[in-house]
$ cat query-v9.json   # JSON, C-alpha atoms and all ligand atoms
[["chain", "number", "residue", "atom", "x", "y", "z"],
["A", 7, "MET", "CA", -21.84, 3.63, -1.81],
["A", 8, "THR", "CA", -22.07, 6.38, -4.36],
["A", 9, "HIS", "CA", -19.90, 9.42, -3.72],
["A", 10, "ILE", "CA", -16.28, 9.01, -2.65],
["A", 11, "GLY", "CA", -14.00, 11.75, -1.37],
["A", 12, "VAL", "CA", -10.27, 11.15, -1.05],
["A", 13, "ILE", "CA", -8.32, 13.51, 1.21],
["A", 14, "GLY", "CA", -4.78, 13.48, -0.15],
["A", 15, "GLY", "CA", -6.13, 12.32, -3.52],
["A", 16, "GLY", "CA", -3.12, 13.78, -5.34],
["A", 17, "GLY", "CA", -0.66, 11.49, -3.54],
["A", 18, "TRP", "CA", 1.21, 8.45, -4.75],
["A", 19, "LEU", "CA", -0.89, 5.80, -3.02],
["A", 20, "ALA", "CA", -4.26, 7.45, -3.71],
["A", 21, "GLY", "CA", -3.53, 7.55, -7.45],
["A", 22, "ALA", "CA", -2.35, 3.95, -7.43],
["A", 23, "LEU", "CA", -5.56, 2.82, -5.71],
["A", 24, "LEU", "CA", -7.98, 5.02, -7.62],
["A", 25, "ARG", "CA", -6.95, 4.47, -11.24],
["A", 26, "PRO", "CA", -7.90, 0.75, -11.09],
["A", 27, "VAL", "CA", -11.15, 1.66, -9.27],
["A", 28, "LEU", "CA", -12.04, 4.15, -12.03],
["A", 29, "ALA", "CA", -10.93, 1.82, -14.83],
["A", 30, "ASP", "CA", -13.17, -0.93, -13.40],
["A", 31, "ARG", "CA", -16.07, 1.53, -12.96],
["A", 32, "ILE", "CA", -16.40, 0.74, -9.28],
["A", 33, "VAL", "CA", -16.70, 4.50, -8.84],
["A", 34, "LYS", "CA", -17.93, 6.86, -11.55],
["A", 35, "PRO", "CA", -15.60, 9.82, -12.28],
["A", 36, "ALA", "CA", -18.38, 12.31, -11.50],
["A", 37, "ASP", "CA", -18.86, 10.66, -8.08],
["A", 38, "LEU", "CA", -15.22, 11.07, -7.05],
["A", 39, "VAL", "CA", -13.77, 14.14, -5.31],
["A", 40, "LEU", "CA", -10.05, 14.45, -4.64],
["A", 41, "SER", "CA", -8.48, 17.01, -2.36],
["A", 42, "SER", "CA", -4.91, 18.21, -2.37],
["A", 43, "ARG", "CA", -2.99, 21.23, -1.19],
["A", 44, "SER", "CA", -2.77, 22.70, -4.72],
["A", 45, "GLY", "CA", -6.10, 21.50, -6.15],
["A", 46, "ASN", "CA", -4.21, 20.48, -9.32],
["A", 47, "ILE", "CA", -3.89, 16.74, -9.50],
["A", 48, "SER", "CA", -2.34, 14.88, -12.42],
["A", 49, "GLY", "CA", -2.79, 11.23, -13.30],
["A", 50, "PHE", "CA", -6.56, 11.43, -13.82],
["A", 51, "GLU", "CA", -6.55, 12.92, -17.34],
["A", 52, "ALA", "CA", -8.39, 9.83, -18.62],
["A", 53, "TRP", "CA", -11.33, 10.72, -16.33],
["A", 54, "PRO", "CA", -12.00, 14.44, -16.83],
["A", 55, "GLY", "CA", -15.19, 14.22, -14.73],
["A", 56, "VAL", "CA", -13.27, 13.69, -11.47],
["A", 57, "HIS", "CA", -13.73, 16.67, -9.13],
["A", 58, "MET", "CA", -10.75, 18.31, -7.46],
["A", 59, "THR", "CA", -10.66, 20.73, -4.56],
["A", 60, "THR", "CA", -8.36, 22.25, -1.97],
["A", 61, "ASP", "CA", -11.19, 22.41, 0.54],
["A", 62, "ASN", "CA", -11.70, 19.24, 2.61],
["A", 63, "SER", "CA", -15.02, 20.43, 4.00],
["A", 64, "ILE", "CA", -16.43, 20.66, 0.44],
["A", 65, "LEU", "CA", -15.16, 17.12, -0.13],
["A", 66, "VAL", "CA", -16.83, 15.86, 3.05],
["A", 67, "ASP", "CA", -20.17, 17.50, 2.17],
["A", 68, "ALA", "CA", -20.11, 15.82, -1.26],
["A", 69, "SER", "CA", -19.13, 12.30, -0.12],
["A", 70, "ASP", "CA", -20.66, 9.16, 1.43],
["A", 71, "VAL", "CA", -17.22, 7.61, 1.89],
["A", 72, "ILE", "CA", -14.32, 9.72, 3.13],
["A", 73, "VAL", "CA", -10.90, 8.22, 2.40],
["A", 74, "PHE", "CA", -7.83, 9.47, 4.26],
["A", 75, "SER", "CA", -4.65, 9.14, 2.21],
["A", 76, "VAL", "CA", -2.46, 11.88, 3.67],
["A", 77, "ARG", "CA", 0.77, 11.31, 5.56],
["A", 78, "PRO", "CA", 0.19, 10.87, 9.30],
["A", 79, "SER", "CA", 2.18, 14.06, 9.97],
["A", 80, "ASP", "CA", -0.35, 16.03, 7.87],
["A", 81, "LEU", "CA", -3.29, 15.09, 10.10],
["A", 82, "ASP", "CA", -2.84, 17.91, 12.61],
["A", 83, "GLU", "CA", -3.84, 20.52, 10.04],
["A", 84, "ILE", "CA", -7.08, 18.70, 9.15],
["A", 85, "ASP", "CA", -10.02, 19.78, 11.27],
["A", 86, "LEU", "CA", -13.23, 18.00, 10.27],
["A", 87, "ASP", "CA", -16.32, 16.77, 12.09],
["A", 88, "LEU", "CA", -16.95, 13.25, 10.77],
["A", 89, "ARG", "CA", -19.42, 12.05, 13.41],
["A", 90, "GLY", "CA", -21.82, 9.57, 11.84],
["A", 91, "ARG", "CA", -19.69, 9.25, 8.70],
["A", 92, "PHE", "CA", -18.02, 6.24, 7.07],
["A", 93, "VAL", "CA", -14.24, 6.61, 6.85],
["A", 94, "ILE", "CA", -11.59, 4.52, 5.09],
["A", 95, "SER", "CA", -7.98, 5.14, 6.10],
["A", 96, "VAL", "CA", -4.85, 3.89, 4.37],
["A", 97, "MET", "CA", -2.54, 5.86, 6.66],
["A", 98, "ALA", "CA", 0.25, 3.90, 8.28],
["A", 99, "SER", "CA", 0.37, 3.88, 12.08],
["A", 100, "VAL", "CA", -2.88, 5.76, 12.66],
["A", 101, "SER", "CA", -5.22, 3.59, 14.75],
["A", 102, "VAL", "CA", -9.01, 3.60, 14.48],
["A", 103, "ASP", "CA", -9.11, 5.01, 18.04],
["A", 104, "GLU", "CA", -7.00, 7.96, 16.91],
["A", 105, "ILE", "CA", -9.29, 8.56, 13.93],
["A", 106, "THR", "CA", -12.32, 8.51, 16.27],
["A", 107, "ASP", "CA", -10.58, 10.86, 18.74],
["A", 108, "ARG", "CA", -9.62, 13.32, 16.02],
["A", 109, "PHE", "CA", -12.71, 13.29, 13.81],
["A", 110, "GLY", "CA", -15.53, 11.59, 15.70],
["A", 111, "ALA", "CA", -16.12, 8.84, 13.10],
["A", 112, "ARG", "CA", -16.87, 5.35, 14.44],
["A", 113, "ARG", "CA", -17.56, 3.50, 11.19],
["A", 114, "ILE", "CA", -13.98, 3.03, 10.06],
["A", 115, "VAL", "CA", -12.18, 0.69, 7.70],
["A", 116, "ARG", "CA", -8.42, 0.77, 8.14],
["A", 117, "ALA", "CA", -6.38, -0.79, 5.35],
["A", 118, "MET", "CA", -2.73, -1.26, 4.48],
["A", 119, "PRO", "CA", -2.22, -1.43, 0.70],
["A", 120, "ASN", "CA", 1.11, -1.01, -1.01],
["A", 121, "ALA", "CA", 2.30, 0.91, -4.05],
["A", 122, "CYS", "CA", 2.11, -2.23, -6.24],
["A", 123, "ALA", "CA", -1.56, -1.18, -6.38],
["A", 124, "GLU", "CA", -0.53, 0.75, -9.49],
["A", 125, "GLN", "CA", 0.08, -2.63, -11.20],
["A", 126, "ARG", "CA", -3.03, -4.07, -9.50],
["A", 127, "GLN", "CA", -0.74, -6.27, -7.42],
["A", 128, "SER", "CA", -1.10, -4.88, -3.90],
["A", 129, "PHE", "CA", -1.68, -7.15, -0.94],
["A", 130, "THR", "CA", -4.21, -5.16, 1.07],
["A", 131, "PRO", "CA", -5.24, -6.39, 4.52],
["A", 132, "TRP", "CA", -8.14, -4.38, 5.93],
["A", 133, "PHE", "CA", -9.87, -4.15, 9.28],
["A", 134, "ALA", "CA", -13.35, -2.80, 10.07],
["A", 135, "THR", "CA", -14.74, -1.46, 13.33],
["A", 136, "ASP", "CA", -17.86, -3.21, 14.67],
["A", 137, "ASP", "CA", -20.06, -0.31, 13.58],
["A", 138, "VAL", "CA", -19.19, -0.64, 9.87],
["A", 139, "ARG", "CA", -22.29, -1.66, 7.88],
["A", 140, "LYS", "CA", -22.37, -4.69, 5.60],
["A", 141, "SER", "CA", -22.70, -2.54, 2.47],
["A", 142, "GLU", "CA", -19.69, -0.45, 3.59],
["A", 143, "ALA", "CA", -17.56, -3.56, 4.19],
["A", 144, "GLU", "CA", -18.57, -4.86, 0.76],
["A", 145, "PHE", "CA", -17.58, -1.55, -0.78],
["A", 146, "ALA", "CA", -14.18, -1.67, 0.96],
["A", 147, "GLN", "CA", -13.55, -5.20, -0.32],
["A", 148, "SER", "CA", -14.39, -4.25, -3.92],
["A", 149, "PHE", "CA", -12.51, -0.91, -3.69],
["A", 150, "PHE", "CA", -9.28, -2.64, -2.62],
["A", 151, "SER", "CA", -9.79, -5.69, -4.85],
["A", 152, "ALA", "CA", -9.47, -3.45, -7.94],
["A", 153, "SER", "CA", -5.79, -2.86, -7.11],
["A", 154, "GLY", "CA", -4.77, -6.32, -5.94],
["A", 155, "ARG", "CA", -5.67, -8.87, -3.33],
["A", 156, "ALA", "CA", -7.84, -7.50, -0.53],
["A", 157, "HIS", "CA", -7.79, -9.55, 2.66],
["A", 158, "PHE", "CA", -10.14, -8.92, 5.59],
["A", 159, "ILE", "CA", -8.52, -9.27, 9.04],
["A", 160, "THR", "CA", -10.15, -9.21, 12.47],
["A", 161, "ASN", "CA", -7.20, -7.95, 14.54],
["A", 162, "GLU", "CA", -6.24, -4.31, 14.01],
["A", 163, "HIS", "CA", -2.78, -4.86, 15.54],
["A", 164, "GLU", "CA", -1.89, -7.07, 12.60],
["A", 165, "LEU", "CA", -2.12, -4.00, 10.36],
["A", 166, "ASP", "CA", 0.98, -2.58, 12.03],
["A", 167, "TYR", "CA", 2.76, -5.83, 11.25],
["A", 168, "PHE", "CA", 1.59, -5.79, 7.64],
["A", 169, "THR", "CA", 2.73, -2.17, 7.32],
["A", 170, "ALA", "CA", 6.25, -3.57, 7.75],
["A", 171, "LEU", "CA", 5.82, -6.83, 5.85],
["A", 172, "THR", "CA", 3.85, -5.79, 2.77],
["A", 173, "GLY", "CA", 3.07, -2.05, 3.06],
["A", 174, "SER", "CA", 6.66, -1.54, 1.95],
["A", 175, "GLY", "CA", 5.71, -2.86, -1.51],
["A", 176, "ALA", "CA", 8.68, -3.35, -3.80],
["A", 177, "ALA", "CA", 11.17, -1.79, -1.35],
["A", 178, "PHE", "CA", 12.65, -4.89, 0.29],
["A", 179, "PRO", "CA", 12.77, -7.02, -2.87],
["A", 180, "ALA", "CA", 14.30, -3.95, -4.60],
["A", 181, "LEU", "CA", 17.12, -3.92, -2.05],
["A", 182, "VAL", "CA", 17.98, -7.52, -2.93],
["A", 183, "ALA", "CA", 17.58, -6.84, -6.65],
["A", 184, "ASP", "CA", 19.91, -3.85, -6.41],
["A", 185, "ALA", "CA", 22.59, -5.95, -4.67],
["A", 186, "MET", "CA", 22.33, -8.52, -7.50],
["A", 187, "ILE", "CA", 22.59, -5.81, -10.17],
["A", 188, "ARG", "CA", 25.66, -4.33, -8.46],
["A", 189, "HIS", "CA", 27.27, -7.76, -8.26],
["A", 190, "ALA", "CA", 26.61, -8.38, -11.97],
["A", 191, "ILE", "CA", 28.14, -5.02, -12.88],
["A", 192, "GLU", "CA", 31.22, -5.81, -10.76],
["A", 193, "ALA", "CA", 31.47, -9.11, -12.66],
["A", 194, "GLY", "CA", 31.70, -7.14, -15.93],
["A", 195, "ILE", "CA", 28.11, -7.26, -17.20],
["A", 196, "ASP", "CA", 27.09, -3.92, -18.72],
["A", 197, "PRO", "CA", 24.71, -2.01, -16.41],
["A", 198, "GLU", "CA", 21.79, -1.99, -18.84],
["A", 199, "THR", "CA", 21.92, -5.76, -19.32],
["A", 200, "ALA", "CA", 22.37, -6.34, -15.58],
["A", 201, "ASP", "CA", 19.28, -4.24, -14.88],
["A", 202, "LEU", "CA", 17.24, -6.02, -17.56],
["A", 203, "ALA", "CA", 18.36, -9.47, -16.35],
["A", 204, "VAL", "CA", 17.54, -8.89, -12.70],
["A", 205, "ARG", "CA", 14.17, -7.24, -13.35],
["A", 206, "GLN", "CA", 13.19, -10.21, -15.54],
["A", 207, "LEU", "CA", 14.46, -12.62, -12.88],
["A", 208, "PHE", "CA", 12.26, -11.01, -10.23],
["A", 209, "LEU", "CA", 9.27, -11.03, -12.57],
["A", 210, "GLY", "CA", 9.79, -14.73, -13.32],
["A", 211, "ALA", "CA", 10.41, -15.61, -9.67],
["A", 212, "ALA", "CA", 7.36, -13.70, -8.42],
["A", 213, "THR", "CA", 5.14, -15.17, -11.13],
["A", 214, "GLN", "CA", 6.35, -18.67, -10.34],
["A", 215, "MET", "CA", 5.98, -18.29, -6.57],
["A", 216, "ALA", "CA", 2.45, -16.95, -7.06],
["A", 217, "SER", "CA", 1.38, -19.78, -9.34],
["A", 218, "ILE", "CA", 2.77, -23.02, -7.90],
["A", 219, "SER", "CA", 1.88, -24.82, -4.70],
["A", 220, "ASP", "CA", 5.51, -25.23, -3.52],
["A", 221, "THR", "CA", 6.32, -22.79, -0.76],
["A", 222, "PRO", "CA", 9.39, -20.55, -0.99],
["A", 223, "ALA", "CA", 11.08, -22.95, 1.48],
["A", 224, "ASP", "CA", 10.25, -25.87, -0.85],
["A", 225, "ILE", "CA", 11.85, -24.02, -3.77],
["A", 226, "VAL", "CA", 15.05, -23.43, -1.77],
["A", 227, "GLU", "CA", 15.11, -27.11, -0.79],
["A", 228, "LEU", "CA", 14.59, -28.20, -4.40],
["A", 229, "PHE", "CA", 17.62, -26.23, -5.59],
["A", 230, "MET", "CA", 19.71, -27.37, -2.61],
["A", 231, "GLU", "CA", 19.09, -30.98, -3.68],
["A", 232, "TYR", "CA", 20.90, -30.36, -6.98],
["A", 233, "ARG", "CA", 24.12, -29.63, -5.06],
["A", 234, "GLY", "CA", 25.11, -27.41, -7.99],
["A", 235, "THR", "CA", 25.85, -23.73, -8.54],
["A", 236, "THR", "CA", 22.59, -22.50, -7.01],
["A", 237, "ALA", "CA", 23.12, -24.65, -3.92],
["A", 238, "ALA", "CA", 26.63, -23.17, -3.58],
["A", 239, "GLY", "CA", 25.13, -19.67, -3.70],
["A", 240, "LEU", "CA", 22.29, -20.49, -1.33],
["A", 241, "SER", "CA", 24.68, -22.10, 1.18],
["A", 242, "ALA", "CA", 26.92, -19.03, 1.19],
["A", 243, "MET", "CA", 23.90, -16.75, 1.71],
["A", 244, "ILE", "CA", 22.58, -18.97, 4.51],
["A", 245, "ASP", "CA", 26.06, -19.01, 6.14],
["A", 246, "ALA", "CA", 26.13, -15.20, 5.90],
["A", 247, "ASP", "CA", 22.77, -15.22, 7.73],
["A", 248, "LEU", "CA", 20.68, -13.47, 5.13],
["A", 249, "ALA", "CA", 17.58, -14.46, 7.14],
["A", 250, "HIS", "CA", 18.99, -12.60, 10.15],
["A", 251, "ALA", "CA", 19.33, -9.40, 8.10],
["A", 252, "VAL", "CA", 15.73, -9.81, 6.86],
["A", 253, "PHE", "CA", 14.45, -10.43, 10.41],
["A", 254, "MET", "CA", 16.32, -7.35, 11.68],
["A", 255, "GLY", "CA", 14.85, -5.23, 8.87],
["A", 256, "LEU", "CA", 11.27, -6.38, 9.41],
["A", 257, "THR", "CA", 11.58, -5.97, 13.18],
["A", 258, "ALA", "CA", 12.82, -2.39, 12.74],
["A", 259, "ALA", "CA", 10.02, -1.59, 10.28],
["A", 260, "ARG", "CA", 7.39, -3.10, 12.59],
["A", 261, "ARG", "CA", 8.76, -1.15, 15.57],
["A", 262, "ARG", "CA", 8.49, 2.05, 13.51],
["A", 263, "ALA", "CA", 4.92, 1.19, 12.43],
["A", 264, "MET", "CA", 3.91, 0.63, 16.07],
["A", 265, "GLN", "CA", 5.30, 3.98, 17.20],
["A", 266, "GLY", "CA", 2.20, 5.67, 15.79],
["A", 267, "ALA", "CA", 1.79, 8.88, 13.86],
["A", 268, "ASP", "CA", 4.32, 11.65, 14.50],
["B", 1, "LIG", "N1", 3.22, 5.13, -0.62],
["B", 1, "LIG", "C1", 3.06, 3.91, -0.14],
["B", 1, "LIG", "O1", 3.68, 2.94, -0.63],
["B", 1, "LIG", "C2", 2.12, 3.65, 0.99],
["B", 1, "LIG", "C3", 1.56, 4.68, 1.69],
["B", 1, "LIG", "N2", 0.72, 4.41, 2.73],
["B", 1, "LIG", "C4", 0.12, 5.52, 3.49],
["B", 1, "LIG", "O2", -0.65, 6.29, 2.59],
["B", 1, "LIG", "C5", -0.64, 7.66, 2.99],
["B", 1, "LIG", "C6", -0.27, 8.51, 1.79],
["B", 1, "LIG", "O3", 1.02, 8.14, 1.34],
["B", 1, "LIG", "P1", 1.58, 8.62, -0.07],
["B", 1, "LIG", "O4", 0.51, 8.63, -1.09],
["B", 1, "LIG", "O5", 2.77, 7.82, -0.33],
["B", 1, "LIG", "O6", 2.02, 10.10, 0.29],
["B", 1, "LIG", "P2", 2.07, 11.37, -0.66],
["B", 1, "LIG", "O7", 2.90, 12.39, 0.03],
["B", 1, "LIG", "O8", 2.41, 10.99, -2.05],
["B", 1, "LIG", "O9", 0.54, 11.85, -0.68],
["B", 1, "LIG", "C7", -0.06, 12.56, 0.33],
["B", 1, "LIG", "C8", -0.85, 13.67, -0.32],
["B", 1, "LIG", "O10", -1.63, 14.34, 0.66],
["B", 1, "LIG", "C9", -1.67, 15.71, 0.33],
["B", 1, "LIG", "N3", -2.08, 16.45, 1.52],
["B", 1, "LIG", "C10", -1.37, 16.76, 2.62],
["B", 1, "LIG", "N4", -2.11, 17.47, 3.48],
["B", 1, "LIG", "C11", -3.33, 17.59, 2.91],
["B", 1, "LIG", "C12", -4.53, 18.22, 3.32],
["B", 1, "LIG", "N5", -4.62, 18.89, 4.48],
["B", 1, "LIG", "N6", -5.59, 18.15, 2.50],
["B", 1, "LIG", "C13", -5.53, 17.50, 1.31],
["B", 1, "LIG", "N7", -4.40, 16.89, 0.87],
["B", 1, "LIG", "C14", -3.32, 16.95, 1.67],
["B", 1, "LIG", "C15", -0.27, 16.00, -0.12],
["B", 1, "LIG", "O11", -0.20, 17.20, -0.86],
["B", 1, "LIG", "C16", 0.03, 14.75, -0.97],
["B", 1, "LIG", "O12", -0.37, 14.94, -2.29],
["B", 1, "LIG", "C17", 0.35, 7.78, 4.14],
["B", 1, "LIG", "O13", -0.35, 7.89, 5.35],
["B", 1, "LIG", "C18", 1.12, 6.46, 4.10],
["B", 1, "LIG", "O14", 1.45, 6.02, 5.40],
["B", 1, "LIG", "C19", 0.35, 3.15, 3.06],
["B", 1, "LIG", "C20", 0.86, 2.09, 2.37],
["B", 1, "LIG", "C21", 1.79, 2.25, 1.30],
["B", 2, "LIG", "O1", 7.07, 3.76, 4.55],
["B", 2, "LIG", "C1", 6.03, 4.19, 5.06],
["B", 2, "LIG", "O2", 6.03, 4.73, 6.16],
["B", 2, "LIG", "C2", 4.72, 4.01, 4.32],
["B", 2, "LIG", "C3", 3.84, 3.09, 5.04],
["B", 2, "LIG", "C4", 3.95, 1.80, 4.33],
["B", 2, "LIG", "C5", 4.56, 2.16, 3.13],
["B", 2, "LIG", "N1", 4.91, 3.36, 3.09]]
$ encode --input "query-v9.json" --output "structure tokens" --more "lines below"
Ligand SMILES: NC(=O)C1=CN([C@@H]2O[C@H](COP(=O)(O)OP(=O)(O)OC[C@H]3O[C@@H](n4cnc5c(N)ncnc54)[C@H](O)[C@@H]3O)[C@@H](O)[C@H]2O)C=CC1
Ligand SMILES: O=C(O)[C@@H]1CCC=N1
Amino acid sequence: MTHIGVIGGGGWLAGALLRPVLADRIVKPADLVLSSRSGNISGFEAWPGVHMTTDNSILVDASDVIVFSVRPSDLDEIDLDLRGRFVISVMASVSVDEITDRFGARRIVRAMPNACAEQRQSFTPWFATDDVRKSEAEFAQSFFSASGRAHFITNEHELDYFTALTGSGAAFPALVADAMIRHAIEAGIDPETADLAVRQLFLGAATQMASISDTPADIVELFMEYRGTTAAGLSAMIDADLAHAVFMGLTAARRRAMQGAD
């Protein structure tokens, strides 16, 4: 894979995915074309060789790999003939069948990264149609590995589930973190310290959960066994059915992901 074109290359997710790819030299700046509505894309100042355009047909002509990173609602205005081309899509809720219907491409990788890609900490499940060549699948794996953990899956429907579970990135943990910060402020801790404390807590917790073999359920059990302050807090949260709220949230997000592009 040599030349990469990213439609919607000025967006949040595209930048988060591409900066690690450029930093790791998986793609050379001169081999990358980004399209946007304005043609002026910031965030790539470190790689002045990157090409930018407002014209998606120029991008397609210059690229071996065409990456779609626009919002699903922006697709209607994109009219391209991609028959015989290799396409990677990171768009939520847009199936490979829809991409084939709209653009004619059959060699499609569909992936669901999240915005933690910017910190190289995305979890990125990806699916490939049967027609995708080995070299293209290898490119997809290395492209997404630059920004986190890329994970090949064989069932496209699971991507809609992962859109809810992990595509949301920091959003769901941030909701819990914000509730903790607000509680700390109500308890009299100054807002700056509360913010610092909870961010560090989440960093420590995430680092620990990623590095030890105990599951999250094991960690809860371990603290419950102390029958101390943490167990008192955990018991109250379990009694308040925190898990129910999480299940409701993930179910709503999955339902939305399965509704398709609108
Ligand atoms: N932001 C996130 O955390 C995640 C986003 N996604 C998916 O990634 C896609 C992009 O999302 P974001 O980067 O967050 O959105 P965004 O709004 O930041 O970026 C989309 C970009 O596409 C550009 N664009 C729109 N129409 C265009 C056209 N015709 N030609 C060229 N560029 C065009 C827009 O100007 C914008 O810069 C969406 O489909 C979303 O579902 C998937 C997982 C996570
Ligand atoms: O919230 C959204 O719809 C997109 C897809 C996954 C993350 N962001």
$ closest_residue --input "query-v9.json" --among "A:Ile114, A:Ala180, A:Ile94, A:Ala258" --to "Ile13 (chain A)" --atoms "only C-alpha atoms"
A:Ile94
$ residues_near_ligand --input "query-v9.json" --ligand "ligand LIG 1 (chain B)" --cutoff "7 Å" --atoms "all atoms listed in the file" --output "PyMOL selection string"
chain A and resi 13-20+41-43+60+62+75-78+80-81+83-84+96-98+118-121+169+173-175
$ residues_near_point --input "query-v9.json" --point "(21.6, -6.1, -13.0)" --cutoff "12 Å" --atoms "all atoms listed in the file" --output "PyMOL selection string"
chain A and resi 180+182-208
$ atom_distance --input "query-v9.json" --atom1 "CA of Met215 (chain A)" --atom2 "CA of Phe168 (chain A)"
19.4 Å
$ residues_around --input "query-v9.json" --residues "region 129-135 of chain A" --least-positions-apart "5" --cutoff "9 Å" --atoms "only C-alpha atoms" --output "ChimeraX atom specification"
/A:102,112-120,122-123,143,146-147,150-151,153-162,164-165,168,172-173,175
$ residues_near_point --input "query-v9.json" --point "(-2.2, 0.1, -13.7)" --cutoff "10 Å" --atoms "only C-alpha atoms" --output "ChimeraX atom specification"
/A:21-26,29,122-127,152-153
$ axis_aligned_box --input "query-v9.json" --around "region 100-112 of chain A" --padding-each-side "5 Å" --output "JSON"
{"center_x": -9.9, "center_y": 8.5, "center_z": 15.7, "size_x": 24.0, "size_y": 19.7, "size_z": 16.1}
$ atom_distance --input "query-v9.json" --atom1 "CA of Phe92 (chain A)" --atom2 "CA of Val71 (chain A)"
5.4 Å
$ closest_residue --input "query-v9.json" --among "A:Ala176, A:Ala237, A:Ser99, A:Gly210" --to "Arg260 (chain A)" --atoms "all atoms listed in the file"
A:Ser99
$ atom_distance --input "query-v9.json" --atom1 "CA of Ala259 (chain A)" --atom2 "CA of Ser128 (chain A)"
18.3 Å
$ closest_residue --input "query-v9.json" --among "A:Thr235, A:Thr106, A:Ser79, A:Ser241" --to "ligand LIG 2 (chain B)" --atoms "only C-alpha atoms and all ligand atoms"
A:Ser79
$ closest_residue --input "query-v9.json" --among "A:Asp166, A:Asp247, A:Gly11, A:Leu181" --to "Val56 (chain A)" --atoms "all atoms listed in the file"
A:Gly11
$ closest_residue --input "query-v9.json" --among "A:Ile244, A:Leu38, A:Ala170, A:Val66" --to "ligand LIG 2 (chain B)" --atoms "all atoms listed in the file"
A:Ala170
$ closest_residue --input "query-v9.json" --among "A:Arg262, A:Gly49, A:Ser44, A:Ser95" --to "ligand LIG 2 (chain B)" --atoms "all atoms listed in the file"
A:Arg262
$ decode --input "query-v9.json" --residues "region 219-230 of chain A" --atoms "N, CA and C atoms" --output "PDB file, in the first residue's frame"
ATOM      1  N   SER A 219      -3.588  -9.529  35.872  1.00  0.00           N
ATOM      2  CA  SER A 219      -4.452 -10.588  35.331  1.00  0.00           C
ATOM      3  C   SER A 219      -5.828 -10.595  35.989  1.00  0.00           C
ATOM      4  N   ASP A 220      -5.971 -10.014  37.189  1.00  0.00           N
ATOM      5  CA  ASP A 220      -7.301  -9.968  37.824  1.00  0.00           C
ATOM      6  C   ASP A 220      -8.284  -9.249  36.919  1.00  0.00           C
ATOM      7  N   THR A 221      -9.474  -9.801  36.818  1.00  0.00           N
ATOM      8  CA  THR A 221     -10.511  -9.119  36.031  1.00  0.00           C
ATOM      9  C   THR A 221     -11.081  -7.965  36.848  1.00  0.00           C
ATOM     10  N   PRO A 222     -11.828  -7.052  36.210  1.00  0.00           N
ATOM     11  CA  PRO A 222     -12.501  -6.014  36.992  1.00  0.00           C
ATOM     12  C   PRO A 222     -13.381  -6.614  38.094  1.00  0.00           C
ATOM     13  N   ALA A 223     -14.055  -7.721  37.807  1.00  0.00           N
ATOM     14  CA  ALA A 223     -14.896  -8.364  38.841  1.00  0.00           C
ATOM     15  C   ALA A 223     -14.030  -8.853  40.004  1.00  0.00           C
ATOM     16  N   ASP A 224     -12.840  -9.365  39.702  1.00  0.00           N
ATOM     17  CA  ASP A 224     -11.922  -9.808  40.772  1.00  0.00           C
ATOM     18  C   ASP A 224     -11.522  -8.623  41.658  1.00  0.00           C
ATOM     19  N   ILE A 225     -11.276  -7.479  41.028  1.00  0.00           N
ATOM     20  CA  ILE A 225     -10.844  -6.298  41.785  1.00  0.00           C
ATOM     21  C   ILE A 225     -11.968  -5.858  42.742  1.00  0.00           C
ATOM     22  N   VAL A 226     -13.199  -5.859  42.242  1.00  0.00           N
ATOM     23  CA  VAL A 226     -14.341  -5.499  43.093  1.00  0.00           C
ATOM     24  C   VAL A 226     -14.405  -6.461  44.281  1.00  0.00           C
ATOM     25  N   GLU A 227     -14.278  -7.741  43.982  1.00  0.00           N
ATOM     26  CA  GLU A 227     -14.359  -8.769  45.030  1.00  0.00           C
ATOM     27  C   GLU A 227     -13.265  -8.573  46.077  1.00  0.00           C
ATOM     28  N   LEU A 228     -12.060  -8.259  45.603  1.00  0.00           N
ATOM     29  CA  LEU A 228     -10.925  -8.055  46.504  1.00  0.00           C
ATOM     30  C   LEU A 228     -11.222  -6.937  47.506  1.00  0.00           C
ATOM     31  N   PHE A 229     -11.762  -5.831  47.018  1.00  0.00           N
ATOM     32  CA  PHE A 229     -12.055  -4.711  47.909  1.00  0.00           C
ATOM     33  C   PHE A 229     -13.255  -5.019  48.813  1.00  0.00           C
ATOM     34  N   MET A 230     -14.199  -5.804  48.298  1.00  0.00           N
ATOM     35  CA  MET A 230     -15.362  -6.180  49.130  1.00  0.00           C
ATOM     36  C   MET A 230     -14.888  -6.985  50.341  1.00  0.00           C
TER      37      MET A 230
END
